[in-house]
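Q: Dropping in my_file-v6.cif, with mmCIF, C-alpha atoms and all ligand atoms.
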data_work
loop_
_atom_site.label_atom_id
_atom_site.label_comp_id
_atom_site.auth_asym_id
_atom_site.auth_seq_id
_atom_site.Cartn_x
_atom_site.Cartn_y
_atom_site.Cartn_z
CA ALA A 1 -13.11 4.00 33.12
CA THR A 2 -13.73 0.97 35.29
CA PRO A 3 -12.45 -2.45 34.25
CA THR A 4 -16.08 -3.38 33.64
CA ALA A 5 -16.54 -0.42 31.28
CA VAL A 6 -13.43 -1.48 29.35
CA MET A 7 -14.77 -5.03 29.09
CA VAL A 8 -18.08 -3.73 27.83
CA GLY A 9 -16.28 -1.47 25.33
CA THR A 10 -14.10 -4.25 23.93
CA GLY A 11 -17.13 -6.58 23.89
CA VAL A 12 -19.21 -4.12 21.86
CA GLY A 13 -16.22 -3.63 19.55
CA ALA A 14 -15.86 -7.38 19.01
CA SER A 15 -19.54 -7.72 18.19
CA GLN A 16 -19.05 -5.09 15.49
CA GLY A 17 -15.91 -6.65 14.05
CA VAL A 18 -13.51 -4.24 15.77
CA LEU A 19 -11.06 -6.35 17.78
CA ILE A 20 -9.41 -4.28 20.50
CA LYS A 21 -6.39 -5.91 22.11
CA GLY A 22 -6.49 -4.37 25.57
CA GLY A 23 -7.56 -1.36 27.57
CA GLN A 24 -4.80 0.95 26.45
CA ALA A 25 -5.74 0.75 22.77
CA LEU A 26 -9.34 1.49 23.69
CA GLU A 27 -8.21 4.42 25.81
CA PHE A 28 -5.93 6.02 23.22
CA ALA A 29 -8.17 5.68 20.18
CA HIS A 30 -10.25 8.79 20.91
CA LYS A 31 -7.17 10.81 21.84
CA ALA A 32 -5.66 10.44 18.38
CA SER A 33 -5.11 13.89 16.89
CA CYS A 34 -3.80 12.49 13.65
CA ILE A 35 -4.17 9.27 11.71
CA VAL A 36 -1.53 7.96 9.33
CA PHE A 37 -2.95 5.84 6.51
CA ASP A 38 -1.04 3.44 4.31
CA LYS A 39 -2.17 3.69 0.68
CA THR A 40 -2.13 0.30 -1.04
CA GLY A 41 -4.60 -2.13 0.50
CA THR A 42 -5.67 0.39 3.14
CA LEU A 43 -7.12 3.40 1.31
CA THR A 44 -7.23 1.48 -1.96
CA VAL A 45 -8.79 -1.90 -2.65
CA GLY A 46 -5.30 -3.42 -2.82
CA LYS A 47 -6.05 -5.56 -5.86
CA PRO A 48 -4.47 -3.68 -8.74
CA VAL A 49 -5.36 -4.55 -12.30
CA VAL A 50 -3.42 -3.96 -15.50
CA VAL A 51 -5.13 -1.24 -17.53
CA ASN A 52 -2.57 -0.48 -20.22
CA VAL A 53 0.70 -1.75 -21.67
CA LYS A 54 3.00 0.49 -23.68
CA LEU A 55 5.80 -0.96 -25.76
CA MET A 56 8.84 1.31 -25.81
CA ASP A 57 11.12 -0.86 -27.92
CA THR A 58 10.94 -3.27 -30.86
CA ILE A 59 9.74 -6.03 -28.52
CA VAL A 60 6.33 -7.62 -29.22
CA LEU A 61 3.61 -7.59 -26.56
CA GLU A 62 3.56 -11.38 -26.04
CA GLU A 63 7.28 -11.51 -25.39
CA LEU A 64 7.28 -8.54 -23.04
CA LEU A 65 4.46 -10.06 -21.00
CA GLU A 66 6.02 -13.51 -20.97
CA LEU A 67 9.40 -12.30 -19.71
CA THR A 68 7.71 -10.07 -17.14
CA ALA A 69 5.32 -12.76 -15.90
CA ALA A 70 8.13 -15.33 -15.67
CA THR A 71 9.88 -12.92 -13.31
CA GLU A 72 6.84 -11.67 -11.35
CA VAL A 73 5.40 -15.15 -10.78
CA ASN A 74 8.06 -15.47 -8.06
CA SER A 75 6.78 -12.38 -6.22
CA GLU A 76 3.91 -12.09 -3.72
CA HIS A 77 3.41 -8.39 -4.41
CA PRO A 78 -0.15 -7.39 -5.51
CA ILE A 79 1.33 -5.69 -8.59
CA ALA A 80 3.10 -8.95 -9.50
CA LYS A 81 -0.16 -10.88 -9.20
CA ALA A 82 -1.94 -8.36 -11.42
CA ILE A 83 0.72 -8.65 -14.11
CA VAL A 84 0.78 -12.47 -14.09
CA GLU A 85 -3.03 -12.56 -14.24
CA TYR A 86 -3.02 -10.19 -17.22
CA ALA A 87 -0.25 -12.04 -19.06
CA LYS A 88 -2.18 -15.34 -18.82
CA GLN A 89 -4.72 -14.04 -21.34
CA PHE A 90 -2.05 -14.03 -24.00
CA LYS A 91 -0.92 -17.54 -23.21
CA GLU A 92 -4.07 -19.71 -23.20
CA ASP A 93 -2.45 -22.74 -24.80
CA ASN A 94 0.50 -23.04 -22.46
CA PRO A 95 0.15 -21.65 -18.96
CA ILE A 96 3.76 -22.46 -18.00
CA TRP A 97 6.22 -19.59 -17.76
CA PRO A 98 9.83 -19.93 -18.80
CA GLU A 99 12.17 -20.53 -15.88
CA ALA A 100 13.53 -17.51 -14.03
CA GLN A 101 17.08 -17.77 -12.77
CA GLU A 102 18.77 -15.68 -10.09
CA PHE A 103 15.43 -14.18 -9.05
CA ILE A 104 15.72 -11.34 -6.56
CA SER A 105 13.06 -9.18 -5.00
CA ILE A 106 13.91 -5.65 -3.87
CA PRO A 107 11.17 -4.60 -1.44
CA GLY A 108 9.66 -1.24 -2.33
CA HIS A 109 11.30 -1.30 -5.77
CA GLY A 110 10.57 -4.42 -7.80
CA VAL A 111 12.06 -7.69 -9.02
CA GLU A 112 14.88 -8.97 -11.22
CA ALA A 113 15.71 -12.29 -12.86
CA ILE A 114 17.33 -13.89 -15.85
CA VAL A 115 14.80 -15.39 -18.23
CA ARG A 116 15.84 -17.08 -21.49
CA ASN A 117 19.32 -15.64 -21.02
CA LYS A 118 17.90 -12.13 -20.85
CA LYS A 119 18.23 -9.89 -17.84
CA VAL A 120 14.73 -8.75 -16.86
CA VAL A 121 14.24 -5.87 -14.42
CA VAL A 122 10.66 -5.00 -13.41
CA GLY A 123 9.79 -2.14 -11.07
CA ASN A 124 9.81 1.57 -10.42
CA LYS A 125 12.06 4.34 -11.68
CA SER A 126 14.51 4.13 -8.80
CA LEU A 127 15.05 0.43 -9.51
CA MET A 128 16.02 1.33 -13.09
CA MET A 129 18.28 4.11 -11.88
CA ASN A 130 19.98 1.82 -9.36
CA ASN A 131 20.67 -0.56 -12.25
CA GLY A 132 22.05 2.24 -14.42
CA ILE A 133 19.23 1.79 -16.94
CA GLU A 134 18.45 4.91 -18.94
CA ILE A 135 14.94 6.37 -18.97
CA LEU A 136 14.17 8.28 -22.15
CA GLY A 137 12.10 11.45 -22.27
CA GLU A 138 9.22 9.63 -23.97
CA THR A 139 9.10 7.06 -21.15
CA GLU A 140 9.38 9.75 -18.53
CA SER A 141 6.40 11.73 -19.86
CA PHE A 142 4.35 8.53 -20.17
CA LEU A 143 5.06 7.87 -16.47
CA VAL A 144 4.06 11.38 -15.45
CA ASP A 145 0.76 11.05 -17.36
CA ALA A 146 -0.10 7.67 -15.80
CA GLU A 147 0.76 8.88 -12.30
CA GLY A 148 -1.30 12.04 -12.81
CA MET A 149 -4.27 9.73 -13.35
CA ALA A 150 -3.56 7.94 -10.04
CA LYS A 151 -2.15 4.86 -11.80
CA THR A 152 1.15 3.13 -11.05
CA ALA A 153 3.46 2.64 -14.03
CA VAL A 154 5.75 -0.39 -13.81
CA LEU A 155 8.86 -0.28 -16.00
CA VAL A 156 10.17 -3.41 -17.68
CA ALA A 157 13.78 -3.44 -18.83
CA VAL A 158 15.10 -6.28 -20.97
CA ASP A 159 18.89 -6.42 -21.24
CA ARG A 160 19.23 -2.91 -19.80
CA THR A 161 16.77 -1.25 -22.20
CA VAL A 162 13.33 -0.12 -21.03
CA SER A 163 11.16 -2.20 -23.36
CA GLY A 164 7.73 -1.56 -21.97
CA VAL A 165 5.63 0.08 -19.30
CA ILE A 166 2.78 -1.79 -17.62
CA VAL A 167 0.17 0.49 -16.09
CA VAL A 168 -1.77 -0.81 -13.10
CA SER A 169 -4.73 0.74 -11.39
CA ASP A 170 -5.80 0.19 -7.80
CA PRO A 171 -9.00 2.12 -7.11
CA LEU A 172 -9.99 3.74 -3.82
CA LYS A 173 -12.07 1.65 -1.41
CA PRO A 174 -15.71 2.62 -1.42
CA GLY A 175 -16.34 4.99 1.48
CA ALA A 176 -12.67 5.99 1.89
CA LYS A 177 -13.35 9.57 0.91
CA GLU A 178 -16.25 9.86 3.34
CA VAL A 179 -14.16 8.53 6.24
CA ILE A 180 -11.45 11.14 5.62
CA SER A 181 -14.06 13.88 5.50
CA ILE A 182 -15.72 12.70 8.75
CA LEU A 183 -12.30 12.64 10.45
CA LYS A 184 -11.70 16.18 9.27
CA SER A 185 -14.99 17.27 10.84
CA MET A 186 -13.81 15.60 14.08
CA GLU A 187 -10.61 17.69 13.81
CA VAL A 188 -8.48 14.60 13.28
CA LYS A 189 -5.74 15.16 10.69
CA SER A 190 -5.25 12.44 8.06
CA ILE A 191 -1.85 11.73 6.53
CA MET A 192 -0.98 9.25 3.78
CA VAL A 193 2.29 7.31 3.82
CA THR A 194 3.21 4.98 0.96
CA GLY A 195 6.04 3.18 -0.76
CA ASP A 196 4.52 4.14 -4.12
CA ASN A 197 5.88 7.08 -6.14
CA TRP A 198 5.07 10.74 -5.49
CA GLY A 199 3.00 11.29 -8.63
CA THR A 200 0.58 8.41 -7.99
CA ALA A 201 0.53 9.11 -4.25
CA ASN A 202 -0.41 12.77 -4.75
CA SER A 203 -3.16 11.86 -7.24
CA ILE A 204 -4.70 9.30 -4.89
CA ALA A 205 -4.42 11.70 -1.94
CA LYS A 206 -6.25 14.37 -3.91
CA GLU A 207 -9.01 11.91 -4.83
CA VAL A 208 -9.54 10.85 -1.23
CA GLY A 209 -9.16 14.34 0.28
CA ILE A 210 -5.86 13.97 2.14
CA GLU A 211 -3.57 17.00 2.12
CA THR A 212 -0.39 15.62 3.65
CA VAL A 213 1.48 12.90 1.76
CA ILE A 214 4.76 11.04 2.28
CA ALA A 215 5.67 8.88 -0.73
CA GLU A 216 8.53 6.52 -1.63
CA ALA A 217 8.74 5.60 2.06
CA LYS A 218 10.58 2.49 3.21
CA PRO A 219 9.04 0.58 6.15
CA GLN A 220 11.40 2.25 8.64
CA GLN A 221 10.56 5.69 7.20
CA LYS A 222 6.87 5.02 7.80
CA ALA A 223 7.72 4.39 11.47
CA GLU A 224 9.96 7.49 11.56
CA GLU A 225 7.09 9.61 10.31
CA VAL A 226 4.87 8.33 13.14
CA LYS A 227 7.61 9.18 15.66
CA ASN A 228 8.07 12.68 14.19
CA LEU A 229 4.36 13.36 14.64
CA GLN A 230 4.56 12.14 18.23
CA THR A 231 7.54 14.40 18.89
CA ALA A 232 5.46 17.27 17.50
CA GLY A 233 2.91 16.53 20.22
CA HIS A 234 0.41 14.36 18.36
CA THR A 235 -1.23 11.21 19.60
CA VAL A 236 -0.93 9.08 16.50
CA ALA A 237 -3.04 6.27 15.12
CA MET A 238 -1.71 4.29 12.15
CA VAL A 239 -3.85 2.23 9.79
CA GLY A 240 -2.15 -0.33 7.55
CA ASP A 241 -2.29 -3.81 6.08
CA GLY A 242 1.20 -4.80 4.97
CA ILE A 243 4.44 -6.21 6.34
CA ASN A 244 5.91 -2.85 5.36
CA ASP A 245 3.47 -1.14 7.75
CA SER A 246 4.30 -3.19 10.84
CA PRO A 247 7.12 -0.99 12.23
CA ALA A 248 4.79 2.03 11.96
CA LEU A 249 1.90 0.09 13.53
CA VAL A 250 4.14 -0.71 16.50
CA ALA A 251 5.45 2.86 16.76
CA ALA A 252 1.97 4.42 16.75
CA ASP A 253 0.01 5.08 19.95
CA VAL A 254 -2.76 3.04 18.35
CA GLY A 255 -1.98 0.67 15.49
CA MET A 256 -4.97 -0.46 13.46
CA ALA A 257 -4.67 -3.34 10.99
CA ILE A 258 -7.01 -4.18 8.14
CA GLY A 259 -8.36 -7.69 8.86
CA ALA A 260 -7.61 -8.89 5.34
CA GLY A 261 -4.02 -7.69 5.73
CA THR A 262 -0.91 -9.73 6.36
CA ASP A 263 -0.54 -11.70 9.61
CA ILE A 264 2.48 -9.61 10.57
CA ALA A 265 0.48 -6.38 10.40
CA ILE A 266 -2.39 -7.94 12.38
CA GLU A 267 0.05 -9.06 15.05
CA ALA A 268 1.74 -5.65 15.21
CA ALA A 269 -1.57 -3.80 15.63
CA ASP A 270 -3.56 -2.93 18.77
CA ILE A 271 -6.88 -2.95 16.95
CA VAL A 272 -7.95 -5.17 14.04
CA LEU A 273 -10.69 -4.01 11.66
CA MET A 274 -12.18 -7.41 10.82
CA LYS A 275 -14.67 -6.13 8.23
CA ASN A 276 -11.92 -4.36 6.24
CA ASP A 277 -14.13 -1.30 6.38
CA LEU A 278 -12.38 2.04 6.95
CA GLN A 279 -15.57 3.31 8.57
CA ASP A 280 -14.55 1.16 11.55
CA VAL A 281 -11.67 3.55 12.27
CA ILE A 282 -14.44 5.92 13.33
CA THR A 283 -16.32 3.11 15.13
CA ALA A 284 -13.18 2.51 17.22
CA ILE A 285 -12.85 6.22 18.07
CA HIS A 286 -16.52 6.41 19.10
CA LEU A 287 -16.24 3.30 21.27
CA SER A 288 -13.16 4.74 22.93
CA ARG A 289 -14.85 8.06 23.55
CA ARG A 290 -17.94 6.42 24.99
CA THR A 291 -15.88 4.23 27.30
CA PHE A 292 -13.35 6.80 28.49
CA ALA A 293 -14.65 10.30 27.99
CA ARG A 294 -18.12 10.04 29.48
CA ILE A 295 -17.21 8.50 32.81
CA ARG A 296 -15.19 10.92 34.92
P1 LIG B 1 3.02 0.27 -1.12
O1 LIG B 1 3.52 1.03 0.10
O2 LIG B 1 2.23 1.17 -2.02
O3 LIG B 1 2.28 -0.98 -0.74
P2 LIG B 1 5.61 -1.04 -1.87
O4 LIG B 1 6.49 -0.42 -0.84
O5 LIG B 1 5.29 -2.49 -1.73
O6 LIG B 1 4.28 -0.14 -2.07
O7 LIG B 1 6.28 -0.85 -3.33
C1 LIG B 1 6.60 0.45 -3.79
C2 LIG B 1 6.69 0.46 -5.29
O8 LIG B 1 7.74 -0.43 -5.75
C3 LIG B 1 5.44 -0.03 -6.01
O9 LIG B 1 4.49 0.98 -6.17
C4 LIG B 1 6.03 -0.49 -7.35
O10 LIG B 1 6.22 0.61 -8.20
C5 LIG B 1 7.37 -1.06 -6.96
N1 LIG B 1 7.30 -2.52 -6.75
C6 LIG B 1 7.43 -3.19 -5.59
N2 LIG B 1 7.36 -4.52 -5.78
C7 LIG B 1 7.14 -4.71 -7.11
C8 LIG B 1 6.96 -5.87 -7.95
N3 LIG B 1 6.99 -7.12 -7.49
N4 LIG B 1 6.78 -5.65 -9.27
C9 LIG B 1 6.77 -4.41 -9.77
N5 LIG B 1 6.91 -3.29 -9.05
C10 LIG B 1 7.12 -3.43 -7.73
MG MG B 2 -0.42 -1.61 2.00
#
Can you give me the file's structure in the form of structure tokens?
Ligand code: ADP
Ligand code: MG
A:
Amino acid sequence: ATPTAVMVGTGVGASQGVLIKGGQALEFAHKASCIVFDKTGTLTVGKPVVVNVKLMDTIVLEELLELTAATEVNSEHPIAKAIVEYAKQFKEDNPIWPEAQEFISIPGHGVEAIVRNKKVVVGNKSLMMNNGIEILGETESFLVDAEGMAKTAVLVAVDRTVSGVIVVSDPLKPGAKEVISILKSMEVKSIMVTGDNWGTANSIAKEVGIETVIAEAKPQQKAEEVKNLQTAGHTVAMVGDGINDSPALVAADVGMAIGAGTDIAIEAADIVLMKNDLQDVITAIHLSRRTFARIR
């Protein structure tokens, strides 16, 4: 393609809310033989809501939610925001949470703090296991059920006992399923990579029509997966929105960031989807094809 054609291509992209940072991104987009999608905030809306709370111990609901919210209010994670929002309903009169001491956030796992002299641990199963907190059979089967319904179950341990499970739901973005099916018809393979657990990841993948899933992936593992696909001969596009996606966005031949995503992801990407519409993954491929494949 001529420099003029590339300028026209990027100009048309910009007018449609697809920001292409340079000729190489425009060139590679239509060569992608596989696209790696992040789950949370990319395939899903990214605004989880609490749909269910199960008490596993003698603790009362108000106390469980108060201890959990006091801990999560220090976290930026979408799950944390959902939990704090939910807990507020039970605390109309006094919207101030007790102080959390020694707060720590373990990316990809959850949060911990001391609230009212109680050790509060909020997060996934591996966080509990790393803390040596026992998960009973009853809790385990509750988790499996929630995950089978594409929900994420967040465990809350108070003083080393799992006292409750907070179930959050983050639905698929409208149109996500259609985009995956169009890509399939274009012979582009879709893969999902997520930090979320295998059960939830597999359920969401099934809903959206993706066959290949990598779950419980740390940010570096997401990038490794991109590199493995490249080694196997694929030209790889990656679509993501989070800080945890930025190494993979950089590693990919074409990194695409959701416009509503974090600044770090937007910076790491070659293409920014300003309308937050997954359909624009296909817009970018079409633009690339028109610019580079027609003119020979
Ligand atoms: P994703 O790749 O889906 O955006 P993350 O890597 O951010 O997920 O987190 C993976 C998992 O760790 C979450 O699904 C959740 O179970 C747990 N987790 C992470 N942060 C928190 C938090 N602040 N509160 C509760 N659970 C958390
Ligand atoms: Mg995400």
Q: Of the candidates A:Leu155, A:Val208, A:Leu229, A:Val6, which shows the shortest atom-to-atom distance to Pro171 in chain A, using only C-alpha atoms?
A: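 Closest candidate: A:Val208.
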Q: From the options A:Val254, A:Ala237, A:Ile243, A:Met56, which residue's atoms come nearest to ligand LIG 1 (chain B), counting all atoms listed in the file?
A: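 Ranked by minimum distance to ligand LIG 1 (chain B), first place goes to A:Ile243.
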Q: Give me the residues near Ala269 in chain A as a PyMOL selection string, where near means some atom within 7 Å (using all atoms listed in the file) and where sequence neighbours in that chain fewer than 3 positions away do not count.
A: chain A and resi 249-250+255-257+265-266+272
Q: Would you give the centre and edge lengths, in Å to one decimal, of a box along x, y and z around the listed atoms of range 205-222 of chain A, with 3 Å added to each side, as JSON?
A:
{"center_x": 0.9, "center_y": 8.8, "center_z": 1.9, "size_x": 26.9, "size_y": 22.4, "size_z": 19.5}
Q: Which residue, A:Thr58, A:Gln16, A:Ser190, A:Thr200, has the smallest gap to ligand LIG 1 (chain B) when you use all atoms listed in the file?
A: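 Between A:Thr58, A:Gln16, A:Ser190, A:Thr200, the residue approaching ligand LIG 1 (chain B) most closely is A:Thr200.
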Q: Taking only C-alpha atoms and all ligand atoms into account, report as a PDB file with C-alpha atoms, in the coordinates of the input which residues have an atom no farther than 8 Å from an atom of ligand LIG 1 (chain B).
A:
ATOM      1  CA  ASP A  38      -1.040   3.440   4.310  1.00  0.00           C
ATOM      2  CA  LYS A  39      -2.170   3.690   0.680  1.00  0.00           C
ATOM      3  CA  THR A  40      -2.130   0.300  -1.040  1.00  0.00           C
ATOM      4  CA  GLY A  41      -4.600  -2.130   0.500  1.00  0.00           C
ATOM      5  CA  GLU A  72       6.840 -11.670 -11.350  1.00  0.00           C
ATOM      6  CA  SER A  75       6.780 -12.380  -6.220  1.00  0.00           C
ATOM      7  CA  GLU A  76       3.910 -12.090  -3.720  1.00  0.00           C
ATOM      8  CA  HIS A  77       3.410  -8.390  -4.410  1.00  0.00           C
ATOM      9  CA  PRO A  78      -0.150  -7.390  -5.510  1.00  0.00           C
ATOM     10  CA  ILE A  79       1.330  -5.690  -8.590  1.00  0.00           C
ATOM     11  CA  ALA A  80       3.100  -8.950  -9.500  1.00  0.00           C
ATOM     12  CA  SER A 105      13.060  -9.180  -5.000  1.00  0.00           C
ATOM     13  CA  ILE A 106      13.910  -5.650  -3.870  1.00  0.00           C
ATOM     14  CA  PRO A 107      11.170  -4.600  -1.440  1.00  0.00           C
ATOM     15  CA  GLY A 108       9.660  -1.240  -2.330  1.00  0.00           C
ATOM     16  CA  HIS A 109      11.300  -1.300  -5.770  1.00  0.00           C
ATOM     17  CA  GLY A 110      10.570  -4.420  -7.800  1.00  0.00           C
ATOM     18  CA  VAL A 111      12.060  -7.690  -9.020  1.00  0.00           C
ATOM     19  CA  VAL A 122      10.660  -5.000 -13.410  1.00  0.00           C
ATOM     20  CA  GLY A 123       9.790  -2.140 -11.070  1.00  0.00           C
ATOM     21  CA  ASN A 124       9.810   1.570 -10.420  1.00  0.00           C
ATOM     22  CA  LYS A 125      12.060   4.340 -11.680  1.00  0.00           C
ATOM     23  CA  THR A 152       1.150   3.130 -11.050  1.00  0.00           C
ATOM     24  CA  ALA A 153       3.460   2.640 -14.030  1.00  0.00           C
ATOM     25  CA  VAL A 154       5.750  -0.390 -13.810  1.00  0.00           C
ATOM     26  CA  LEU A 155       8.860  -0.280 -16.000  1.00  0.00           C
ATOM     27  CA  VAL A 193       2.290   7.310   3.820  1.00  0.00           C
ATOM     28  CA  THR A 194       3.210   4.980   0.960  1.00  0.00           C
ATOM     29  CA  GLY A 195       6.040   3.180  -0.760  1.00  0.00           C
ATOM     30  CA  ASP A 196       4.520   4.140  -4.120  1.00  0.00           C
ATOM     31  CA  ASN A 197       5.880   7.080  -6.140  1.00  0.00           C
ATOM     32  CA  GLU A 216       8.530   6.520  -1.630  1.00  0.00           C
ATOM     33  CA  ALA A 217       8.740   5.600   2.060  1.00  0.00           C
ATOM     34  CA  LYS A 218      10.580   2.490   3.210  1.00  0.00           C
ATOM     35  CA  PRO A 219       9.040   0.580   6.150  1.00  0.00           C
ATOM     36  CA  GLY A 242       1.200  -4.800   4.970  1.00  0.00           C
ATOM     37  CA  ASN A 244       5.910  -2.850   5.360  1.00  0.00           C
ATOM     38  CA  ASP A 245       3.470  -1.140   7.750  1.00  0.00           C
TER      39      ASP A 245
END
Q: Using only C-alpha atoms, which of the listed residues (A:Gln221, A:Thr231, A:Thr4, A:Asn74) sits closest to Ile104 in chain A?
A: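 Among A:Gln221, A:Thr231, A:Thr4, A:Asn74, it is A:Asn74 that comes nearest to Ile104 in chain A.
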Q: Which neighbours of Ala205 in chain A fall inside 12 Å, counting all atoms listed in the file, when residues of the same chain fewer than 3 positions from it are skipped, and could you give them as a VMD selection string?
A: chain A and resid 37 to 40 43 to 44 147 to 150 171 to 172 176 to 177 180 190 to 194 196 198 to 202 208 to 215
Q: Which of these residues is nearest to ligand MG 2 (chain B), using all atoms listed in the file: A:Lys222, A:Lys21, A:His234, A:Lys184?
A: A:Lys222
